[in-house]
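A.B. asks: Pasting coords_37.cif here (mmCIF, C-alpha atoms; chains and numbers go by the auth columns):
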data_target
#
loop_
_atom_site.group_PDB
_atom_site.id
_atom_site.type_symbol
_atom_site.label_atom_id
_atom_site.label_comp_id
_atom_site.label_asym_id
_atom_site.label_seq_id
_atom_site.Cartn_x
_atom_site.Cartn_y
_atom_site.Cartn_z
_atom_site.B_iso_or_equiv
_atom_site.auth_seq_id
_atom_site.auth_asym_id
ATOM 1 C CA MET A 1 30.139 3.281 -14.747 0.00 1 A
ATOM 2 C CA VAL A 2 30.450 1.757 -11.301 0.00 2 A
ATOM 3 C CA LYS A 3 29.595 5.082 -9.683 0.00 3 A
ATOM 4 C CA LYS A 4 26.471 5.364 -11.838 0.00 4 A
ATOM 5 C CA ASP A 5 25.301 1.894 -10.779 0.00 5 A
ATOM 6 C CA ASN A 6 25.919 2.793 -7.154 0.00 6 A
ATOM 7 C CA SER A 7 23.875 5.970 -7.558 0.00 7 A
ATOM 8 C CA TYR A 8 21.018 3.990 -9.064 0.00 8 A
ATOM 9 C CA GLU A 9 21.026 1.602 -6.109 0.00 9 A
ATOM 10 C CA GLU A 10 21.012 4.503 -3.668 0.00 10 A
ATOM 11 C CA ASN A 11 18.090 6.151 -5.465 0.00 11 A
ATOM 12 C CA GLU A 12 16.250 2.846 -5.561 0.00 12 A
ATOM 13 C CA SER A 13 16.869 2.345 -1.859 0.00 13 A
ATOM 14 C CA VAL A 14 15.562 5.815 -0.992 0.00 14 A
ATOM 15 C CA THR A 15 12.502 5.284 -3.172 0.00 15 A
ATOM 16 C CA TRP A 16 11.865 1.885 -1.577 0.00 16 A
ATOM 17 C CA GLU A 17 12.153 3.293 1.954 0.00 17 A
ATOM 18 C CA LYS A 18 9.762 6.122 1.088 0.00 18 A
ATOM 19 C CA LEU A 19 7.243 3.682 -0.378 0.00 19 A
ATOM 20 C CA GLN A 20 7.557 1.382 2.597 0.00 20 A
ATOM 21 C CA SER A 21 7.049 4.273 5.017 0.00 21 A
ATOM 22 C CA GLU A 22 3.850 5.313 3.209 0.00 22 A
ATOM 23 C CA GLN A 23 2.554 1.755 3.298 0.00 23 A
ATOM 24 C CA PHE A 24 3.177 1.487 7.040 0.00 24 A
ATOM 25 C CA LYS A 25 1.251 4.723 7.566 0.00 25 A
ATOM 26 C CA ASN A 26 -1.624 3.295 5.533 0.00 26 A
ATOM 27 C CA TYR A 27 -1.462 0.071 7.521 0.00 27 A
ATOM 28 C CA ARG A 28 -1.763 1.955 10.813 0.00 28 A
ATOM 29 C CA VAL A 29 -4.769 3.916 9.541 0.00 29 A
ATOM 30 C CA VAL A 30 -6.477 0.754 8.268 0.00 30 A
ATOM 31 C CA LYS A 31 -5.799 -1.045 11.544 0.00 31 A
ATOM 32 C CA ARG A 32 -7.252 1.832 13.560 0.00 32 A
ATOM 33 C CA ASN A 33 -10.343 2.013 11.331 0.00 33 A
ATOM 34 C CA LEU A 34 -10.871 -1.739 11.600 0.00 34 A
ATOM 35 C CA PHE A 35 -10.686 -1.530 15.396 0.00 35 A
ATOM 36 C CA PHE A 36 -13.284 1.257 15.496 0.00 36 A
ATOM 37 C CA ASN A 37 -15.565 -0.626 13.078 0.00 37 A
ATOM 38 C CA VAL A 38 -15.451 -3.796 15.166 0.00 38 A
ATOM 39 C CA LEU A 39 -16.036 -1.797 18.346 0.00 39 A
ATOM 40 C CA THR A 40 -19.015 -0.041 16.744 0.00 40 A
ATOM 41 C CA TYR A 41 -20.590 -3.319 15.625 0.00 41 A
ATOM 42 C CA VAL A 42 -20.130 -4.853 19.079 0.00 42 A
ATOM 43 C CA LEU A 43 -21.748 -1.819 20.712 0.00 43 A
ATOM 44 C CA ILE A 44 -24.663 -1.931 18.263 0.00 44 A
ATOM 45 C CA PHE A 45 -25.115 -5.636 18.971 0.00 45 A
ATOM 46 C CA LEU A 46 -25.104 -5.053 22.724 0.00 46 A
ATOM 47 C CA ILE A 47 -27.628 -2.212 22.444 0.00 47 A
ATOM 48 C CA GLU A 48 -29.929 -4.301 20.252 0.00 48 A
ATOM 49 C CA TYR A 49 -29.601 -7.256 22.623 0.00 49 A
ATOM 50 C CA TRP A 50 -30.426 -5.052 25.609 0.00 50 A
ATOM 51 C CA LEU A 51 -33.421 -3.573 23.788 0.00 51 A
ATOM 52 C CA ALA A 52 -34.646 -7.059 22.892 0.00 52 A
ATOM 53 C CA ILE A 53 -34.451 -8.089 26.540 0.00 53 A
ATOM 54 C CA GLN A 54 -36.272 -4.925 27.608 0.00 54 A
ATOM 55 C CA SER A 55 -39.084 -5.483 25.111 0.00 55 A
ATOM 56 C CA GLY A 56 -39.461 -9.145 25.964 0.00 56 A
ATOM 57 C CA GLY A 57 -37.599 -10.458 22.926 0.00 57 A
ATOM 58 C CA GLY A 58 -40.829 -11.459 21.161 0.00 58 A
ATOM 59 C CA GLY A 59 -39.196 -11.570 17.735 0.00 59 A
ATOM 60 C CA PHE A 60 -37.070 -14.560 18.550 0.00 60 A
ATOM 61 C CA LYS A 61 -39.780 -16.398 20.512 0.00 61 A
ATOM 62 C CA SER A 62 -42.467 -16.032 17.844 0.00 62 A
ATOM 63 C CA GLY A 63 -40.546 -18.094 15.317 0.00 63 A
ATOM 64 C CA CYS A 64 -39.458 -15.256 13.017 0.00 64 A
ATOM 65 C CA LEU A 65 -36.095 -16.915 12.610 0.00 65 A
#
Translate the structure of the given file into structure tokens.
C.D. replies:
Amino acid sequence: MVKKDNSYEENESVTWEKLQSEQFKNYRVVKRNLFFNVLTYVLIFLIEYWLAIQSGGGGFKSGCL
């Protein structure tokens, strides 16, 4: 009986480590995607800001906001 309990704990430990490893992989992918999304939005903002300056920025001066 004791050996069976020990085997269960070992199996549970292996399963837990496998699950944890998969979650860490997912975490790394999510973190990388978040970084690229933030970078993309910052670049879009900078391009739009530059274009607004180039065109005179009339939208903000005319009271649209």
A.B. asks: Report, in Å to a single decimal, how far apart atom CA of A:Ser21 and atom CA of A:Phe36 are.
C.D. replies: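 Distance between the two atoms: 23.1 Å.
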A.B. asks: Tell me, in Å to one decimal, how far atom CA of A:Asn33 is from atom CA of A:Trp50.
C.D. replies: 25.6 Å
A.B. asks: Interatomic distance between atom CA of A:Val30 and atom CA of A:Glu17?
C.D. replies: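 Result for atom CA of A:Val30 versus atom CA of A:Glu17: 19.8 Å, one decimal.
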A.B. asks: Output stretch 23-47 of chain A with N, CA and C atoms present, as a short mmCIF file (atom, residue, chain, number, x, y, z; two decimals), in the coordinates of the input.
C.D. replies:
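See out_9.cif below for the written result:
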data_model
loop_
_atom_site.label_atom_id
_atom_site.label_comp_id
_atom_site.auth_asym_id
_atom_site.auth_seq_id
_atom_site.Cartn_x
_atom_site.Cartn_y
_atom_site.Cartn_z
N GLN A 23 3.38 2.94 3.10
CA GLN A 23 2.55 1.76 3.30
C GLN A 23 2.33 1.47 4.78
N PHE A 24 3.34 1.69 5.60
CA PHE A 24 3.18 1.49 7.04
C PHE A 24 2.20 2.50 7.62
N LYS A 25 2.23 3.73 7.12
CA LYS A 25 1.25 4.72 7.57
C LYS A 25 -0.15 4.27 7.20
N ASN A 26 -0.32 3.79 5.97
CA ASN A 26 -1.62 3.30 5.53
C ASN A 26 -2.07 2.12 6.38
N TYR A 27 -1.15 1.24 6.71
CA TYR A 27 -1.46 0.07 7.52
C TYR A 27 -1.97 0.49 8.89
N ARG A 28 -1.33 1.48 9.50
CA ARG A 28 -1.76 1.96 10.81
C ARG A 28 -3.16 2.55 10.75
N VAL A 29 -3.44 3.31 9.70
CA VAL A 29 -4.77 3.92 9.54
C VAL A 29 -5.82 2.82 9.35
N VAL A 30 -5.53 1.85 8.52
CA VAL A 30 -6.48 0.75 8.27
C VAL A 30 -6.72 -0.04 9.55
N LYS A 31 -5.67 -0.29 10.29
CA LYS A 31 -5.80 -1.04 11.54
C LYS A 31 -6.67 -0.29 12.55
N ARG A 32 -6.46 1.01 12.65
CA ARG A 32 -7.25 1.83 13.56
C ARG A 32 -8.72 1.85 13.13
N ASN A 33 -8.97 2.01 11.83
CA ASN A 33 -10.34 2.01 11.33
C ASN A 33 -11.03 0.67 11.56
N LEU A 34 -10.31 -0.41 11.36
CA LEU A 34 -10.87 -1.74 11.60
C LEU A 34 -11.25 -1.90 13.06
N PHE A 35 -10.40 -1.45 13.97
CA PHE A 35 -10.69 -1.53 15.40
C PHE A 35 -11.96 -0.76 15.73
N PHE A 36 -12.10 0.46 15.22
CA PHE A 36 -13.28 1.26 15.50
C PHE A 36 -14.54 0.63 14.88
N ASN A 37 -14.41 0.03 13.70
CA ASN A 37 -15.56 -0.63 13.08
C ASN A 37 -16.03 -1.82 13.90
N VAL A 38 -15.09 -2.63 14.34
CA VAL A 38 -15.45 -3.80 15.17
C VAL A 38 -16.08 -3.33 16.47
N LEU A 39 -15.49 -2.34 17.10
CA LEU A 39 -16.04 -1.80 18.35
C LEU A 39 -17.46 -1.27 18.14
N THR A 40 -17.69 -0.57 17.05
CA THR A 40 -19.02 -0.04 16.74
C THR A 40 -20.03 -1.16 16.58
N TYR A 41 -19.66 -2.21 15.82
CA TYR A 41 -20.59 -3.32 15.62
C TYR A 41 -20.89 -4.05 16.93
N VAL A 42 -19.91 -4.21 17.79
CA VAL A 42 -20.13 -4.85 19.08
C VAL A 42 -21.07 -4.00 19.93
N LEU A 43 -20.86 -2.70 19.95
CA LEU A 43 -21.75 -1.82 20.71
C LEU A 43 -23.18 -1.86 20.17
N ILE A 44 -23.33 -1.85 18.86
CA ILE A 44 -24.66 -1.93 18.26
C ILE A 44 -25.33 -3.25 18.65
N PHE A 45 -24.57 -4.34 18.59
CA PHE A 45 -25.12 -5.64 18.97
C PHE A 45 -25.57 -5.63 20.43
N LEU A 46 -24.75 -5.08 21.31
CA LEU A 46 -25.10 -5.05 22.72
C LEU A 46 -26.34 -4.19 22.98
N ILE A 47 -26.45 -3.07 22.29
CA ILE A 47 -27.63 -2.21 22.44
C ILE A 47 -28.87 -2.93 21.94
#
